[in-house]
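Novice: Mind looking over this structure? Questions follow.
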Amino acid sequence: MQTNPTYSIFPLGDNAILIDFGNELNESINQKLLEIFRKIKNQNMPGVLDVVPAYSSLTIHYDVMKIFEKAGGKTVFDIITDQVKKIVEDDIEISFEQNRKISIPVCYDEEFGPDLSYMANEKSLSIENIIQLHTAKTYRVYMIGFLPGFAYMGTVDQRIQMPRKENPRTNVEAGSVGIAGEQTGIYPLQSPGGWQIIGRTPVLLFNKEKTAPVLLQPEDEIKFFSISKHEFTNYQGRDS
Amino acid sequence: MSLQIIRAGILDTIQDSGRYGYQHLGINPGGAMDRFSAQLSNALIGKDLNAPVIELHFPAASFLFKKSSVICLAGADFSAFINEEPIPIHKPVFVKEGSMLGFKSIKWGARCYLSILHEMQIEKWLGSYSTNIKAEAGGWEGRHLKAGDRIVFTDAELFNHQNIHNLLLPWKSDGIKKNNKLDVMVGNEWNWLTEISQHSFQQNDFQISINADRMGYKLTGKKLKTKEEKSLLSSAVNFGAIQLLPDGQLIILMADHQTTGGYPRVAHVISADLPLLAQTNPNEIINFHLTDMGTAQEKLIQQQKHLQEIVEACKLKMEKYLLKDK
């Protein structure tokens, strides 16, 4: 029998509540909160606007007026908290659905990875070592946030873990692959950003024309593979 | 039969009450910065509160109406005029075909909302008309309005001209009342602050810095400190969240905020006071007053009820000016 993780509920202002499972990067906690996320999403609770899973928390954004209209004397915050508690404490059915396995091509050329040589220096590794270490592991998508379709993946081999840049770049190109601490991620759009950039993928992570505009989702298993500049330029799978 | 942009403004976008249901994909709600005024501009001409409006920043665009319509401005007062005649805000105005709408100077506020009785021919993206500039999606081609843009009106003739004798229709409303004291609720990481910093958060003034836009307002004030150096894993944030940055200064997240963030959330501006904040400009001073959940939600509910009353009343008032079979 699975036990539910311990949690606490806090208000996030007057229109959201945060279910906090402890400020900890832990795969099994993340897995359980994603189960709860799917349950809440499937229930289509009236007044719930958004459900946002993160590493170790789940946030529910709600419409105060919609819930108020059916309140019947109770406060809006109490109603939403009770509803959410009920779902969290329900026995969680573990789904045996296979996680999606996705391979993503990355060109680790210095033109696309402006922090490669700096990292190689800091870590006393060759650029080839960095590429080899980054492509060796299978990463898990823990959460999506920051930008449309930005997947936070972990965990990066200790030998290539690097803190964020002290002065973030004002412009990181779309498709850039970066490292921040034990996380790795891909910028879906051009954006300011502080991650150490080691390469670029030709794959579109965000496509506004699609009904599912975002490519990656939590629990996906990601593996990177190295491609040449020529392969990057001639990549045909952009719209697939 | 359209609305034509003659001269572009600095940042004029189509917004509604926001895009919900996609934050788990990293797609933020966006929407009008001052939701109250956006909704009020719709309410005063009897339109659905959540209908798309044009959010104007100063200097704002000038518009040519290629078809007669009724408009209402709300929120900031940018000294609007139609064909050189000044027009008031928070009051419906009949605009004749061929008229120019322009804006002269900022009298008050930061964002003015333009609601138009006709339906604009624009497409929804993921359930909302709001412009998401970063994703280049929603609103008008996913970008701010430029000179030469023509927004087509889809409705046929709406008006019973016999009953329109004056450009100003005979009703109005009050807008939001300026107040630099914002009600806030403590955030999840409030207790990370030292007692001295908790005190100074409540007692001191904070200035809106020049880094203040639709994404967030960076504040300048007395530096705040945490009891210990702790780091927070990224988790969800929302409009109005007040985060403590590593340099001890605060940032308030606004309509175009990221969906998640990793800075401590020390407090939240209550929803009912976000319109006030959205109407402040860089260099203005604000301060914070702690309140509780009950008060915050009650204030929002009252505000919404007030808007619903206005829209119901104005729908009836408008009938006289509209063709019966419409």
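All residue names refer to the structure tokens as shown: chains lettered A, B, ... in order, residues numbered from 1 in each chain, ligands numbered from 1 in order.
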Could you pull the residues within 6 Å of range 38-55 of chain A, counting only C-alpha atoms, minus those fewer than 2 positions along the same chain, as a list of chain:residue names?
Specialist: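 Once the adjacent positions are removed, what remains is A:Asn30, A:Glu35, A:Ile36, A:Ser57, A:Leu58, A:Thr59, A:Ile60, A:His61, A:Tyr62, A:Asp63, A:Lys66, A:Ile67, A:Tyr142, A:Met143, B:Tyr20, B:Gly21, B:His24, B:Ser235.
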Novice: With a cut-off of 9 Å and counting only C-alpha atoms, select all residues of chain A in contact with chain B and give the selection as a ChimeraX atom specification.
Specialist: /A:10-16,18,23-25,48-59,61,64-65,68,75-77,143-151,189-191,206-209,211,213-214,216-217
Novice: Can you pull out every residue within 12 Å of Gln132 in chain A, counting only C-alpha atoms, but drop anything in the same chain fewer than 5 positions away, and send it as an MDAnalysis selection string?
Specialist: chainID A and resid 106 108 125:127 137 157 159:160 223:226
Novice: Using only C-alpha atoms, determine which residues lie at most 9 Å from Glu221 in chain A, disregarding the query and same-chain residues fewer than 4 positions distant; provide the list as an MDAnalysis selection string.
Specialist: chainID A and resid 99:103 138:141 153
Novice: Quick check for you: according to DSSP on this backbone, which residues of range 77-236 of chain B are classed as alpha helix (DSSP H)? Reply as a short mmCIF file (atom, residue, chain, number, x, y, z; two decimals) with N, CA, C and O atoms, in the first residue's frame.
Specialist:
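The file below, part_28.cif, is the result:
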data_model
loop_
_atom_site.label_atom_id
_atom_site.label_comp_id
_atom_site.auth_asym_id
_atom_site.auth_seq_id
_atom_site.Cartn_x
_atom_site.Cartn_y
_atom_site.Cartn_z
N GLU B 195 12.75 39.75 11.54
CA GLU B 195 11.69 40.57 12.12
C GLU B 195 11.84 42.03 11.72
O GLU B 195 10.86 42.71 11.45
N ILE B 196 13.07 42.47 11.69
CA ILE B 196 13.32 43.87 11.30
C ILE B 196 12.84 44.10 9.87
O ILE B 196 12.21 45.12 9.57
N SER B 197 13.14 43.14 8.99
CA SER B 197 12.72 43.31 7.60
C SER B 197 11.20 43.22 7.45
O SER B 197 10.60 43.93 6.64
N GLN B 198 10.57 42.35 8.24
CA GLN B 198 9.10 42.28 8.20
C GLN B 198 8.50 43.62 8.60
O GLN B 198 7.52 44.09 8.01
N HIS B 199 9.13 44.22 9.60
CA HIS B 199 8.67 45.52 10.07
C HIS B 199 8.89 46.59 8.99
O HIS B 199 8.00 47.38 8.69
N SER B 200 10.08 46.57 8.41
CA SER B 200 10.36 47.64 7.46
C SER B 200 9.56 47.47 6.16
O SER B 200 9.23 48.45 5.50
N PHE B 201 9.20 46.23 5.84
CA PHE B 201 8.30 46.00 4.69
C PHE B 201 6.98 46.75 4.90
O PHE B 201 6.41 47.31 3.97
N GLN B 202 6.51 46.76 6.13
CA GLN B 202 5.22 47.39 6.42
C GLN B 202 5.31 48.89 6.65
O GLN B 202 4.35 49.62 6.45
N GLN B 203 6.49 49.35 7.14
CA GLN B 203 6.60 50.77 7.53
C GLN B 203 7.19 51.66 6.44
O GLN B 203 6.92 52.86 6.41
#
Novice: Hey, can you check how far CA of Arg143 in chain B sits from CA of Leu114 in chain B?
Specialist: 17.0 Å
Novice: In terms of the shortest atom-to-atom distance over only C-alpha atoms, which of B:Pro246, B:Pro282, B:Gly175, B:Pro275 is closest to Ser209 in chain B?
Specialist: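 Smallest distance to Ser209 in chain B is found for B:Pro282.
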Novice: Could you tell me which of B:Val93, B:Cys72, B:Met1, B:Leu49 comes closest to Gln121 in chain B if we count only C-alpha atoms?
Specialist: B:Met1
Novice: Pick the closest to Pro5 in chain A from A:Val203, A:Ala180, A:Ile29, A:Ile130: which is it, counting only C-alpha atoms?
Specialist: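 Going through A:Val203, A:Ala180, A:Ile29, A:Ile130 one by one, the smallest distance to Pro5 in chain A is for A:Ile29.
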Novice: Which residues come within 6 Å of Gly178 in chain A, counting only C-alpha atoms, excluding same-chain residues fewer than 5 positions away, as a list in words?
Specialist: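 With the cut-off at 6 Å, the set is Thr184, Gly185, Trp195, Gln196, Ile197 and Ile198 of chain A.
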Novice: Limited to N, CA and C atoms, could you put the picked residues into a file as a PDB file, in the first residue's frame?
Specialist:
ATOM      1  N   THR A 184      19.157  20.458 -16.371  1.00  0.00           N
ATOM      2  CA  THR A 184      19.438  20.840 -17.745  1.00  0.00           C
ATOM      3  C   THR A 184      18.109  21.209 -18.392  1.00  0.00           C
ATOM      4  N   GLY A 185      18.163  22.053 -19.423  1.00  0.00           N
ATOM      5  CA  GLY A 185      16.919  22.516 -20.035  1.00  0.00           C
ATOM      6  C   GLY A 185      17.172  23.099 -21.405  1.00  0.00           C
ATOM      7  N   TRP A 195      21.292  30.437 -17.793  1.00  0.00           N
ATOM      8  CA  TRP A 195      21.872  29.092 -17.774  1.00  0.00           C
ATOM      9  C   TRP A 195      23.141  29.061 -18.631  1.00  0.00           C
ATOM     10  N   GLN A 196      24.031  28.109 -18.311  1.00  0.00           N
ATOM     11  CA  GLN A 196      25.268  27.935 -19.084  1.00  0.00           C
ATOM     12  C   GLN A 196      24.904  27.212 -20.379  1.00  0.00           C
ATOM     13  N   ILE A 197      25.170  27.863 -21.509  1.00  0.00           N
ATOM     14  CA  ILE A 197      24.684  27.324 -22.789  1.00  0.00           C
ATOM     15  C   ILE A 197      25.765  26.469 -23.456  1.00  0.00           C
ATOM     16  N   ILE A 198      25.423  25.200 -23.717  1.00  0.00           N
ATOM     17  CA  ILE A 198      26.414  24.261 -24.256  1.00  0.00           C
ATOM     18  C   ILE A 198      26.084  23.749 -25.663  1.00  0.00           C
TER      19      ILE A 198
END
Novice: Mind pulling up the distance from CA of Gln279 in chain B to CA of Gln303 in chain B?
Specialist: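 Value for the CA of Gln303 in chain B-CA of Gln279 in chain B distance: 16.7 Å.
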Novice: Give me, as a list in words, the residues of range 146-240 of chain B that a backbone DSSP run labels strand (DSSP E or B).
Specialist: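 Written out, the strand (DSSP E or B) residues of range 146-240 of chain B are Arg150, Ile151, Val152, Phe153, Phe159, Leu168, Lys181, Leu182, Asp183, Val184, Met185, Val186, Leu193, Phe206, Gln207, Ile208, Ser209, Ile210, Asn211, Ala212, Gly216, Tyr217, Lys218, Leu219, Thr220, Thr226, Ser235 and Ala236 of chain B.
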Novice: Output the selection as a JSON list (two decimals), in the first residue's frame - C-alpha atoms for each residue.
Specialist:
[["chain", "number", "residue", "atom", "x", "y", "z"],
["B", 150, "ARG", "CA", -6.79, 47.56, -39.95],
["B", 151, "ILE", "CA", -8.99, 45.79, -37.47],
["B", 152, "VAL", "CA", -12.17, 44.76, -39.26],
["B", 153, "PHE", "CA", -15.53, 45.09, -37.50],
["B", 159, "PHE", "CA", -27.45, 51.96, -34.62],
["B", 168, "LEU", "CA", -21.73, 61.76, -25.40],
["B", 181, "LYS", "CA", -1.29, 52.20, 0.03],
["B", 182, "LEU", "CA", -1.80, 48.67, -1.28],
["B", 183, "ASP", "CA", -3.38, 45.87, 0.71],
["B", 184, "VAL", "CA", -1.20, 42.77, 0.76],
["B", 185, "MET", "CA", -1.36, 39.29, 2.27],
["B", 186, "VAL", "CA", 1.72, 37.57, 3.66],
["B", 193, "LEU", "CA", 12.36, 37.59, 6.51],
["B", 206, "PHE", "CA", 9.02, 51.69, -1.91],
["B", 207, "GLN", "CA", 9.59, 53.39, -5.20],
["B", 208, "ILE", "CA", 8.59, 51.88, -8.55],
["B", 209, "SER", "CA", 11.85, 51.74, -10.50],
["B", 210, "ILE", "CA", 12.22, 52.37, -14.21],
["B", 211, "ASN", "CA", 12.30, 48.58, -14.63],
["B", 212, "ALA", "CA", 8.54, 48.31, -14.51],
["B", 216, "GLY", "CA", 6.91, 42.96, -13.34],
["B", 217, "TYR", "CA", 7.70, 46.07, -11.30],
["B", 218, "LYS", "CA", 11.11, 46.20, -9.70],
["B", 219, "LEU", "CA", 10.98, 48.32, -6.56],
["B", 220, "THR", "CA", 13.66, 50.40, -4.90],
["B", 226, "THR", "CA", 16.32, 36.82, 5.31],
["B", 235, "SER", "CA", 7.33, 26.63, -7.98],
["B", 236, "ALA", "CA", 4.28, 28.50, -9.20]]
